[in-house]
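What follows is a set of notes on a single structure, which appears directly below.
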Amino acid sequence: MTPATFVPGTSEGQRMLEIRASGIPWRRWGPYLSERQWGTVREDYGEDGNSWAYFTHDQARSRAYRWGEDGIAGISDDAQRLCFALALWNGVDPIIKERLFGLNNGEGNHGEDVKEYYYYLDNAPSHSYMKYLYRYPQAAFPYNDLVETNRQRTRYDLEYELIDTGIFDGDRYFDVFVEYAKATPEDILVQVTVHNRGPEEASLHVLPTLWFRNTWWQGGSAEKPSLRRAEGPPGTSVIAAGHPDLGPRYLSCEGAPVLLFTENETNTERLFGTPNATPFVKDGINNYIVEGRADAVNPEGSGTKSCAHYRLTLAPGEVQRIRLRLNQTPRSGEEAPFGSPFENVLAERQREADAFYENITPPSVGPDAANVMRQALAGMLWTKQYYLYEVDRWLRQHGSDAAAGRQISVRNTSWFHMVNADIISMPDKWEYPWYAAWDLAFHTVALAMVDPDFAKNQLDLMLRERYLHPNGQIPAYEWNFSDVNPPVHAWAALFIYRTEKELLGTGDVGFLERMFQKLLMNFTWWVNRKDRTGQNVFEGGFLGLDNIGVFDRSAPLPTGGYLEQADGTAWMALFAQTMLDIAAELAVHDRVYEEMATKFYEHFVWIASAMNSIGENQEGMWDEEDGFYYDLLRLPDGSATRLKVRSLVGLLPLAASTVFTREMIEQMPGFVERAQWFNRYHTRMASTVSSITRPGVGGRLHLSLLTEERLRRVLARMLDENEFLGDYGIRSLSRAHLHDPYIFYQDGQEHRVQYLPGDSDTGMFGGNSNWRGPIWFPVNMMLLRALLNLYAYYGNDFTVECPTGSGNRMNLYQVSEEIGRRLTRVFLRDESDRRPVFGYAQKFQDDPHWRDYLLFYEYFHGDNGAGIGASHQTGWTGLVARIIQLFGYMSPEQVLGEEARRLVYRKEGSLPQPVEGPAAR
């Protein structure tokens, strides 16, 4: 059974069909604000490239941004011209709360980190309904305490979190829920619900804020937009917005609050000691509210930034609501913007969101897991952002002009062709408010569950001419577009194509063909740039795994020489397999792709042969004694040594595992003929790829880097609870390195890799990521995929011990199910009614107002499952939703198919013939 996203019987499904078929702009307005624009590369105009220091949190309230906007629970149109978000003031803070606070990379003992509690509770893919929770302390926010205490802690200490400050003791805080509901694509209802959770009466200033992104700083003849006070129905205050491109908009505010106006312009007097260009500046509302400066806001009621000022006093436990409406037409009389029609639309959109998620949630999934799944997907949808970066303009503003032949040392100089101005799925809109190429590929796998069109759009973006480098490289991330991320985009594209084909009965062949043609350029870039010796063994640098290796793999090695990377080579093997798979899919429609299938079959065999071969000096990546793959260090004197760190680097060859149905291969007779010739002519190389010559269950064929013998040996390591198999998934480093660290000596210097289940103890890559022990969802997903592919090929007769040494034998479907169960346990209540993700935080575990609101962290403690790193990286941790759905719907019988019930047959001569040899056996 498969869920259907586009179900005409559900209103949200119907909206998705309207977007696809008629272009009705349900997505025009969405949660497209960043949660941190300060401290980013785009806003950095300093000379040393230290963006954290150039534009700080303290400056953000006073300094106009150039390339984007941030806010709390914010929305904007899809070009981020007009923005709306929530600001708050508890009466004691030194500033109003307009944006989320966190430590920059130099302040945190484990790197940058947001120090707030906020939750993405709900979101429909058209953004017809959204819900967000922000927790605001009633006492003064401990800005200085968080900075100073974390600064005193070492990398060996835990982070000092907001909950640790005691600010939430006695429940003295406000829960502020923000809900959006669209009556039409251009009519947005906003409800803010404030709960006083504390034991005493408390006051709160609520400041719903409307403003224009400052686009006029660049000059030109475009008309400057404006906000002004307008007339509205009795009991209502109205802000009228005029924009030359967006047209008129009206924000109606129930209760006739006072309206405040200023300009979205930098307060140069405060920041730089120079006179302001206008008397009303970006922090004018802050200065009016906090300092009582009446002259800080425009008495004429106009500007480019404005807010409605609500003053609430709430008794203990009291709840109060504020309602607003943003649309194109002011309402009056019987069409007043509030009342029962408002309530009806809000309730209806809630019901429609419930129906949508019920439709995609397997009936076998319990309420707790369903809540995890829904909040994970809500986070995926909330973490969209309008991302603007015209790199050539930015470079010219830094003094580097490629067209004039003037290039200086500044980041991203070779990417001057890039013009990014799109809605993009972000890893974490505070920690990583920029796209990251390989993160994004994993995002699309989860996003395809709710919005296949948006998922396809995201992969399309990375391969468009405005993004993809002319040489074929995919941009990595804004700190260094030239860094190298794993090539997982072909796999993601094929996954989405097949997901949609299963949902709708037909696949988007045009999308798949576009992906193939652009990915062909990217594959060629890898072959030309990352295969140093032309031997089909690949480098690539850190490949997203940050500090997993002995050395910083993105920097020159202290030993000299270079690394032949087991993970880089395995990723390329998977890339070749997937391109072959896509070519086979497209060959049904165009026979020319048979030749491309042959090209990628040969590429895979060459890569597999290079990776699996043992050189004359026993210097290959495969270590026969350990039964594991390792990186190979090639030294300047010509010698080579394996770096025997048992890590994901050695497990990733398992991920290069792809299954082809017999029918798919038989539809390509030209491919079969060429592959047979290749196997006969290159007998030794082809002997390393045994599976393609031997049909498995149901006549399936299989490409893998691992022979059956090697597969069993690698699985024995991976499923060993003393090594990789943790209670909450597959660890990124073997636990055996806890007491037996890998140590490499070079010129009297010790390089050590030791198992670290939690935070990193190294500053490599900022110190906010750790691949030396914790559990990461994206690579676990790749391993689950591989196990299911292997099961589809080997069937029920292939069993292994799981866990290793337990005597308990499982087939590979059962192994994948067990790993999936362990991964989802991170978030689910256990037998003690605790969620491992919350770790030691007692309030998170026990308080009824906290325990069911989830945070989706960047990675998880390798021993106890606690969340670590960026706390809202639903991006790829949102894969937990896909895992819950996958095992909720799937069964072993579905993986094997009906043909598994019959005897496996073989039509001699119809398939690439077996090649005898030790590897084939």
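Labels used: A, B, ... for chains in the order of the structure tokens, numbers from 1 for residues in each chain, and numbers from 1 for ligands as shown.
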Q: Apply DSSP to the backbone of this structure and, from region 705-861 of chain A, keep only the residues in alpha helix (DSSP H); write these as an MDAnalysis selection string.
A: chainID A and resid 708:718 777:794 812:825 842:846
Using DSSP on the backbone coordinates, identify all residues within region 271-396 of chain A classified as strand (DSSP E); present the result as a CSV table (one decimal) with N, CA, C and O atoms, in the first residue's frame.
```csv
chain,number,residue,atom,x,y,z
A,302,SER,N,3.7,56.6,8.5
A,302,SER,CA,4.2,56.1,7.2
A,302,SER,C,5.7,55.6,7.4
A,302,SER,O,6.4,56.0,8.3
A,303,GLY,N,6.1,54.8,6.5
A,303,GLY,CA,7.5,54.3,6.5
A,303,GLY,C,7.6,53.0,5.7
A,303,GLY,O,6.8,52.7,4.8
A,305,LYS,N,8.7,50.1,7.6
A,305,LYS,CA,8.6,49.1,8.6
A,305,LYS,C,7.6,49.6,9.6
A,305,LYS,O,7.6,50.8,10.0
A,306,SER,N,6.7,48.7,10.0
A,306,SER,CA,5.6,49.1,10.9
A,306,SER,C,5.2,47.9,11.8
A,306,SER,O,5.6,46.8,11.5
A,307,CYS,N,4.5,48.2,12.9
A,307,CYS,CA,3.9,47.2,13.7
A,307,CYS,C,2.7,47.6,14.4
A,307,CYS,O,2.4,48.8,14.5
A,308,ALA,N,1.9,46.7,14.8
A,308,ALA,CA,0.7,46.9,15.7
A,308,ALA,C,1.2,46.7,17.1
A,308,ALA,O,1.8,45.6,17.4
A,309,HIS,N,0.9,47.6,18.0
A,309,HIS,CA,1.4,47.5,19.4
A,309,HIS,C,0.2,47.0,20.3
A,309,HIS,O,-0.7,47.8,20.6
A,310,TYR,N,0.3,45.8,20.7
A,310,TYR,CA,-0.7,45.2,21.7
A,310,TYR,C,0.0,45.1,23.0
A,310,TYR,O,1.1,44.6,23.1
A,311,ARG,N,-0.7,45.5,24.1
A,311,ARG,CA,-0.2,45.4,25.5
A,311,ARG,C,-1.2,44.4,26.2
A,311,ARG,O,-2.4,44.7,26.4
A,312,LEU,N,-0.7,43.3,26.5
A,312,LEU,CA,-1.5,42.2,27.2
A,312,LEU,C,-1.1,42.1,28.7
A,312,LEU,O,0.1,42.2,29.0
A,313,THR,N,-2.1,41.9,29.5
A,313,THR,CA,-1.8,41.5,30.9
A,313,THR,C,-2.6,40.2,31.1
A,313,THR,O,-3.8,40.2,31.0
A,314,LEU,N,-1.9,39.2,31.5
A,314,LEU,CA,-2.5,37.9,31.6
A,314,LEU,C,-2.4,37.4,33.1
A,314,LEU,O,-1.3,37.4,33.7
A,319,VAL,N,-5.2,32.7,28.9
A,319,VAL,CA,-4.9,32.7,27.4
A,319,VAL,C,-5.6,33.9,26.8
A,319,VAL,O,-6.8,34.2,27.1
A,320,GLN,N,-4.9,34.6,25.9
A,320,GLN,CA,-5.4,35.7,25.1
A,320,GLN,C,-5.0,35.5,23.7
A,320,GLN,O,-3.9,35.0,23.4
A,321,ARG,N,-5.9,36.0,22.8
A,321,ARG,CA,-5.7,35.8,21.4
A,321,ARG,C,-5.7,37.2,20.7
A,321,ARG,O,-6.4,38.1,21.1
A,322,ILE,N,-4.9,37.2,19.6
A,322,ILE,CA,-4.8,38.4,18.8
A,322,ILE,C,-5.0,37.9,17.3
A,322,ILE,O,-4.5,36.9,16.9
A,323,ARG,N,-5.8,38.6,16.6
A,323,ARG,CA,-6.1,38.2,15.2
A,323,ARG,C,-5.8,39.3,14.2
A,323,ARG,O,-6.1,40.5,14.5
A,324,LEU,N,-5.2,38.9,13.1
A,324,LEU,CA,-4.8,39.8,12.1
A,324,LEU,C,-5.2,39.2,10.7
A,324,LEU,O,-5.4,38.0,10.6
A,325,ARG,N,-5.2,40.0,9.7
A,325,ARG,CA,-5.5,39.5,8.3
A,325,ARG,C,-4.7,40.3,7.3
A,325,ARG,O,-4.8,41.5,7.3
A,326,LEU,N,-4.0,39.6,6.4
A,326,LEU,CA,-3.2,40.2,5.4
A,326,LEU,C,-3.8,39.8,4.0
A,326,LEU,O,-3.8,38.6,3.7
A,327,ASN,N,-4.2,40.8,3.3
A,327,ASN,CA,-4.9,40.5,2.0
A,327,ASN,C,-4.8,41.7,1.1
A,327,ASN,O,-4.1,42.7,1.4
A,384,LYS,N,11.8,26.4,4.7
A,384,LYS,CA,12.0,27.0,3.4
A,384,LYS,C,12.5,28.5,3.6
A,384,LYS,O,12.1,29.1,4.6
A,385,GLN,N,13.3,28.9,2.6
A,385,GLN,CA,13.8,30.3,2.8
A,385,GLN,C,14.0,30.9,1.4
A,385,GLN,O,14.4,30.3,0.5
A,386,TYR,N,13.6,32.2,1.3
A,386,TYR,CA,14.0,32.9,0.1
A,386,TYR,C,15.4,33.2,0.2
A,386,TYR,O,15.9,33.9,1.1
A,387,TYR,N,16.2,32.7,-0.8
A,387,TYR,CA,17.6,32.9,-0.8
A,387,TYR,C,18.1,33.7,-2.0
A,387,TYR,O,17.9,33.3,-3.1
A,388,LEU,N,18.6,34.9,-1.7
A,388,LEU,CA,19.1,35.8,-2.7
A,388,LEU,C,20.6,36.0,-2.6
A,388,LEU,O,21.1,36.3,-1.5
A,389,TYR,N,21.3,35.7,-3.7
A,389,TYR,CA,22.7,35.9,-3.7
A,389,TYR,C,23.1,36.1,-5.2
A,389,TYR,O,23.3,35.1,-5.9
A,390,GLU,N,23.3,37.4,-5.6
A,390,GLU,CA,23.9,37.6,-6.9
A,390,GLU,C,25.4,37.7,-6.7
A,390,GLU,O,25.9,38.8,-6.3
```
Could I get the residues of region 729-800 of chain A with an atom no further than 10 Å from an atom of region 819-833 of chain A, each paired with its nearest atom pair and that distance in Å to one decimal, using only C-alpha atoms, sorted by chain and residue number, as JSON lines?
```
{"residue": "A:Gly729", "atom": "CA", "partner": "A:Leu823", "partner_atom": "CA", "distance": 4.9}
{"residue": "A:Ile730", "atom": "CA", "partner": "A:Ile819", "partner_atom": "CA", "distance": 7.4}
{"residue": "A:Ile775", "atom": "CA", "partner": "A:Leu823", "partner_atom": "CA", "distance": 8.7}
{"residue": "A:Trp776", "atom": "CA", "partner": "A:Leu823", "partner_atom": "CA", "distance": 9.4}
{"residue": "A:Phe777", "atom": "CA", "partner": "A:Leu823", "partner_atom": "CA", "distance": 7.8}
{"residue": "A:Asn780", "atom": "CA", "partner": "A:Ile819", "partner_atom": "CA", "distance": 8.3}
{"residue": "A:Met781", "atom": "CA", "partner": "A:Gly820", "partner_atom": "CA", "distance": 8.7}
{"residue": "A:Leu783", "atom": "CA", "partner": "A:Ile819", "partner_atom": "CA", "distance": 9.3}
{"residue": "A:Leu784", "atom": "CA", "partner": "A:Gly820", "partner_atom": "CA", "distance": 7.6}
```
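Residue nearest Gly399 (chain A), chosen from A:Pro669, A:Thr598, A:Leu189, A:Arg411 and counting only C-alpha atoms: A:Arg411.
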Q: Fewer than 6 positions away in the same chain doesn't count, so skip those; otherwise give me all residues within 10 Å of region 471-479 of chain A, counting only C-alpha atoms, as number ranges by chain.
A: A: 40-42, 49, 51, 389, 391, 411-412, 415, 418, 432-439, 462-465, 485-487, 489, 518-526, 528-529, 543-544
Keeping only N, CA, C and O atoms, take the residues you just selected and write them out as a compact mmCIF listing (two decimals), in the first residue's frame.
```txt
# COMPACT_ATOMS: atom_id res chain seq x y z
N THR A 40 26.05 36.11 8.22
CA THR A 40 26.14 35.26 7.03
C THR A 40 27.15 35.82 6.04
O THR A 40 27.51 37.00 6.09
N VAL A 41 27.57 34.97 5.13
CA VAL A 41 28.53 35.38 4.10
C VAL A 41 27.99 36.53 3.26
O VAL A 41 28.71 37.49 2.95
N ARG A 42 26.71 36.46 2.90
CA ARG A 42 26.15 37.47 2.02
C ARG A 42 26.19 38.87 2.64
O ARG A 42 26.35 39.87 1.94
N GLY A 49 36.94 38.35 6.05
CA GLY A 49 36.08 37.19 5.82
C GLY A 49 35.43 36.63 7.07
O GLY A 49 34.82 35.56 7.02
N SER A 51 32.57 36.76 8.92
CA SER A 51 31.22 37.31 8.83
C SER A 51 30.54 37.41 10.18
O SER A 51 29.68 38.27 10.39
N TYR A 389 21.27 35.72 -3.69
CA TYR A 389 22.72 35.93 -3.71
C TYR A 389 23.15 36.10 -5.16
O TYR A 389 23.26 35.13 -5.91
N VAL A 391 26.10 36.67 -7.01
CA VAL A 391 27.50 36.57 -6.61
C VAL A 391 28.36 37.59 -7.33
O VAL A 391 29.27 38.19 -6.73
N ARG A 411 36.22 35.00 -1.02
CA ARG A 411 35.58 33.70 -1.25
C ARG A 411 34.66 33.73 -2.48
O ARG A 411 34.08 34.75 -2.83
N ASN A 412 34.57 32.58 -3.11
CA ASN A 412 33.62 32.32 -4.20
C ASN A 412 33.91 33.12 -5.47
O ASN A 412 33.01 33.37 -6.28
N TRP A 415 32.75 31.74 -8.84
CA TRP A 415 31.32 31.47 -8.99
C TRP A 415 30.57 32.73 -9.38
O TRP A 415 29.38 32.88 -9.06
N MET A 418 26.83 32.93 -10.71
CA MET A 418 25.67 32.52 -9.93
C MET A 418 24.72 33.68 -9.64
O MET A 418 25.15 34.75 -9.18
N TYR A 432 22.18 27.08 9.79
CA TYR A 432 22.66 26.98 8.40
C TYR A 432 21.63 27.63 7.48
O TYR A 432 20.95 26.94 6.72
N PRO A 433 21.50 28.95 7.51
CA PRO A 433 20.50 29.62 6.68
C PRO A 433 20.98 29.82 5.24
O PRO A 433 20.93 30.91 4.68
N TRP A 434 21.50 28.76 4.68
CA TRP A 434 21.91 28.73 3.28
C TRP A 434 21.79 27.28 2.81
O TRP A 434 21.83 26.36 3.62
N TYR A 435 21.63 27.09 1.54
CA TYR A 435 21.50 25.71 1.07
C TYR A 435 22.84 25.00 1.10
O TYR A 435 23.91 25.60 0.96
N ALA A 436 22.79 23.72 1.32
CA ALA A 436 23.96 22.85 1.27
C ALA A 436 23.61 21.71 0.32
O ALA A 436 22.59 21.04 0.49
N ALA A 437 24.43 21.49 -0.68
CA ALA A 437 24.03 20.67 -1.82
C ALA A 437 23.64 19.25 -1.42
O ALA A 437 22.61 18.74 -1.84
N TRP A 438 24.45 18.59 -0.59
CA TRP A 438 24.10 17.20 -0.33
C TRP A 438 23.00 17.10 0.71
O TRP A 438 22.18 16.19 0.66
N ASP A 439 22.95 18.06 1.64
CA ASP A 439 21.80 18.12 2.54
C ASP A 439 20.50 18.18 1.73
O ASP A 439 19.54 17.47 2.01
N MET A 462 19.58 23.15 -8.32
CA MET A 462 21.03 22.94 -8.16
C MET A 462 21.72 22.66 -9.48
O MET A 462 22.94 22.82 -9.60
N LEU A 463 20.94 22.25 -10.50
CA LEU A 463 21.53 21.89 -11.78
C LEU A 463 21.24 22.92 -12.88
O LEU A 463 21.63 22.72 -14.03
N ARG A 464 20.56 24.01 -12.51
CA ARG A 464 20.32 25.07 -13.50
C ARG A 464 21.61 25.83 -13.76
O ARG A 464 22.53 25.85 -12.94
N GLU A 465 21.61 26.52 -14.90
CA GLU A 465 22.81 27.25 -15.29
C GLU A 465 23.14 28.37 -14.31
O GLU A 465 24.29 28.81 -14.21
N ASN A 485 30.77 18.25 -2.03
CA ASN A 485 29.78 17.44 -1.33
C ASN A 485 29.59 16.11 -2.06
O ASN A 485 29.81 16.03 -3.27
N PRO A 486 29.16 15.07 -1.37
CA PRO A 486 28.95 13.78 -2.03
C PRO A 486 27.94 13.88 -3.17
O PRO A 486 26.95 14.61 -3.07
N PRO A 487 28.18 13.16 -4.25
CA PRO A 487 27.29 13.21 -5.42
C PRO A 487 26.07 12.32 -5.23
O PRO A 487 25.99 11.21 -5.78
N HIS A 489 22.86 13.45 -5.85
CA HIS A 489 21.71 14.07 -6.51
C HIS A 489 21.06 13.15 -7.53
O HIS A 489 19.84 13.19 -7.72
N LYS A 518 22.07 17.11 -17.06
CA LYS A 518 22.90 17.98 -16.22
C LYS A 518 23.84 17.16 -15.33
O LYS A 518 24.99 17.55 -15.09
N LEU A 519 23.36 16.04 -14.83
CA LEU A 519 24.20 15.19 -13.99
C LEU A 519 25.33 14.56 -14.78
O LEU A 519 26.39 14.24 -14.21
N LEU A 520 25.13 14.40 -16.05
CA LEU A 520 26.21 13.92 -16.91
C LEU A 520 27.38 14.90 -16.88
O LEU A 520 28.56 14.49 -16.83
N MET A 521 27.08 16.20 -16.86
CA MET A 521 28.13 17.21 -16.74
C MET A 521 28.82 17.08 -15.39
O MET A 521 30.06 17.18 -15.29
N ASN A 522 28.03 16.87 -14.34
CA ASN A 522 28.61 16.77 -13.01
C ASN A 522 29.47 15.51 -12.88
O ASN A 522 30.55 15.55 -12.26
N PHE A 523 29.02 14.41 -13.45
CA PHE A 523 29.81 13.18 -13.42
C PHE A 523 31.15 13.39 -14.12
O PHE A 523 32.20 12.95 -13.63
N THR A 524 31.10 14.08 -15.24
CA THR A 524 32.33 14.34 -15.99
C THR A 524 33.27 15.22 -15.18
O THR A 524 34.49 15.02 -15.19
N TRP A 525 32.71 16.20 -14.45
CA TRP A 525 33.56 17.03 -13.57
C TRP A 525 34.27 16.16 -12.55
O TRP A 525 35.47 16.33 -12.32
N TRP A 526 33.56 15.24 -11.91
CA TRP A 526 34.18 14.35 -10.94
C TRP A 526 35.31 13.54 -11.58
O TRP A 526 36.41 13.43 -11.02
N ASN A 528 37.06 14.19 -14.22
CA ASN A 528 38.19 15.02 -14.68
C ASN A 528 38.93 15.71 -13.55
O ASN A 528 40.13 15.97 -13.66
N ARG A 529 38.22 16.02 -12.45
CA ARG A 529 38.83 16.84 -11.40
C ARG A 529 39.21 16.07 -10.14
O ARG A 529 40.09 16.51 -9.40
N LEU A 543 33.98 15.82 1.96
CA LEU A 543 32.77 15.13 1.49
C LEU A 543 31.66 15.14 2.53
O LEU A 543 30.94 14.16 2.72
N GLY A 544 31.50 16.27 3.21
CA GLY A 544 30.41 16.41 4.15
C GLY A 544 30.64 15.76 5.49
O GLY A 544 29.86 15.97 6.42
```
Q | Among the residues A:Asn298, A:Ser62, A:Asp581, A:Ile424, the one that comes closest to Thr268 (chain A) [using only C-alpha atoms] | A | A:Ser62
Q: With a distance cut-off of 7 Å and only C-alpha atoms, select the neighbouring residues of Glu265 (chain A), excluding the residue or stretch itself and same-chain residues fewer than 5 positions from it, and output the selection as a list of chain:residue names.
A: A:Arg63, A:Ala64, A:Val281, A:Lys282
(Q) Please list as a list of chain:residue names every residue within 10 Å of Ala566 (chain A), counting only C-alpha atoms and excluding residues in the same chain fewer than 4 positions away. (A) A:Val537, A:Phe538, A:Glu539, A:Ala570, A:Trp571, A:Met572, A:Met611, A:Gly620, A:Met621, A:Trp622, A:Tyr629, A:Tyr630, A:Asp631, A:Leu632, A:Leu648, A:Val649, A:Gly650, A:Leu651, A:Leu652, A:Pro653
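Shortest atom-to-atom contact with Pro558 (chain A) among A:Arg662, A:Arg646, A:His751, A:Arg349: A:His751, counting only C-alpha atoms.
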If you take only C-alpha atoms and a cut-off of 10 Å, which residues of region 61-107 of chain A touch region 150-167 of chain A, and what are their nearest atom pairs and distances in Å to one decimal, in chain and number order, as a Markdown table?
```
| residue | atom | partner | partner_atom | distance |
| --- | --- | --- | --- | --- |
| A:Gly102 | CA | A:Leu162 | CA | 9.9 |
| A:Leu103 | CA | A:Asn150 | CA | 8.7 |
| A:Gly106 | CA | A:Arg151 | CA | 8.4 |
| A:Glu107 | CA | A:Arg151 | CA | 5.5 |
```
Would you put the residues from that selection into a file with N, CA and C atoms, as a compact mmCIF listing (two decimals), in the first residue's frame?
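That gives us again01.txt:
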```txt
# COMPACT_ATOMS: atom_id res chain seq x y z
N GLY A 102 21.50 33.60 19.46
CA GLY A 102 22.39 32.45 19.60
C GLY A 102 23.83 32.90 19.63
N LEU A 103 24.71 31.95 19.92
CA LEU A 103 26.14 32.24 20.00
C LEU A 103 26.77 32.12 18.63
N GLY A 106 32.64 31.80 17.42
CA GLY A 106 33.72 32.00 18.38
C GLY A 106 33.28 32.02 19.82
N GLU A 107 31.99 32.13 20.06
CA GLU A 107 31.48 32.23 21.42
C GLU A 107 31.11 30.88 22.03
```
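All residues of protein, DNA or RNA that reach within 6 Å of Gly39 (chain A), judged by only C-alpha atoms and not counting those fewer than 5 positions away in the chain, are Ser51, Trp52, Phe55 and Thr56 of chain A.
In terms of minimum interatomic distance to Thr184 (chain A), A:Trp29 ranks closest within A:Tyr755, A:Trp29, A:Phe860, A:Tyr497, counting only C-alpha atoms.
In this comparison, which uses only C-alpha atoms, the residue of A:Ile883, A:Leu100, A:Leu719, A:Met380 approaching Asp428 (chain A) most closely is A:Met380.
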**Q.** Within 12 Å of region 708-710 of chain A using only C-alpha atoms, minus same-chain residues under 2 positions, as a PyMOL selection string
**A.** chain A and resi 612+622-629+650-651+653-654+688-691+694+702-706+712-717+790+793-794+798-800+918-921
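From CA of His110 (chain A) back to CA of Tyr853 (chain A), the distance works out to 24.5 Å.
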Q. Can you tell me how far CA of Thr707 (chain A) sits from CA of Thr569 (chain A), in Å to one decimal?
A. 16.6 Å
Q. Which is closest to Trp491 (chain A) among A:Gln845, A:Ser891, A:Gln577, A:Thr683, if we use only C-alpha atoms?
A. A:Gln577
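One finds CA of Asn768 (chain A) at 4.6 Å from CA of Gly111 (chain A).
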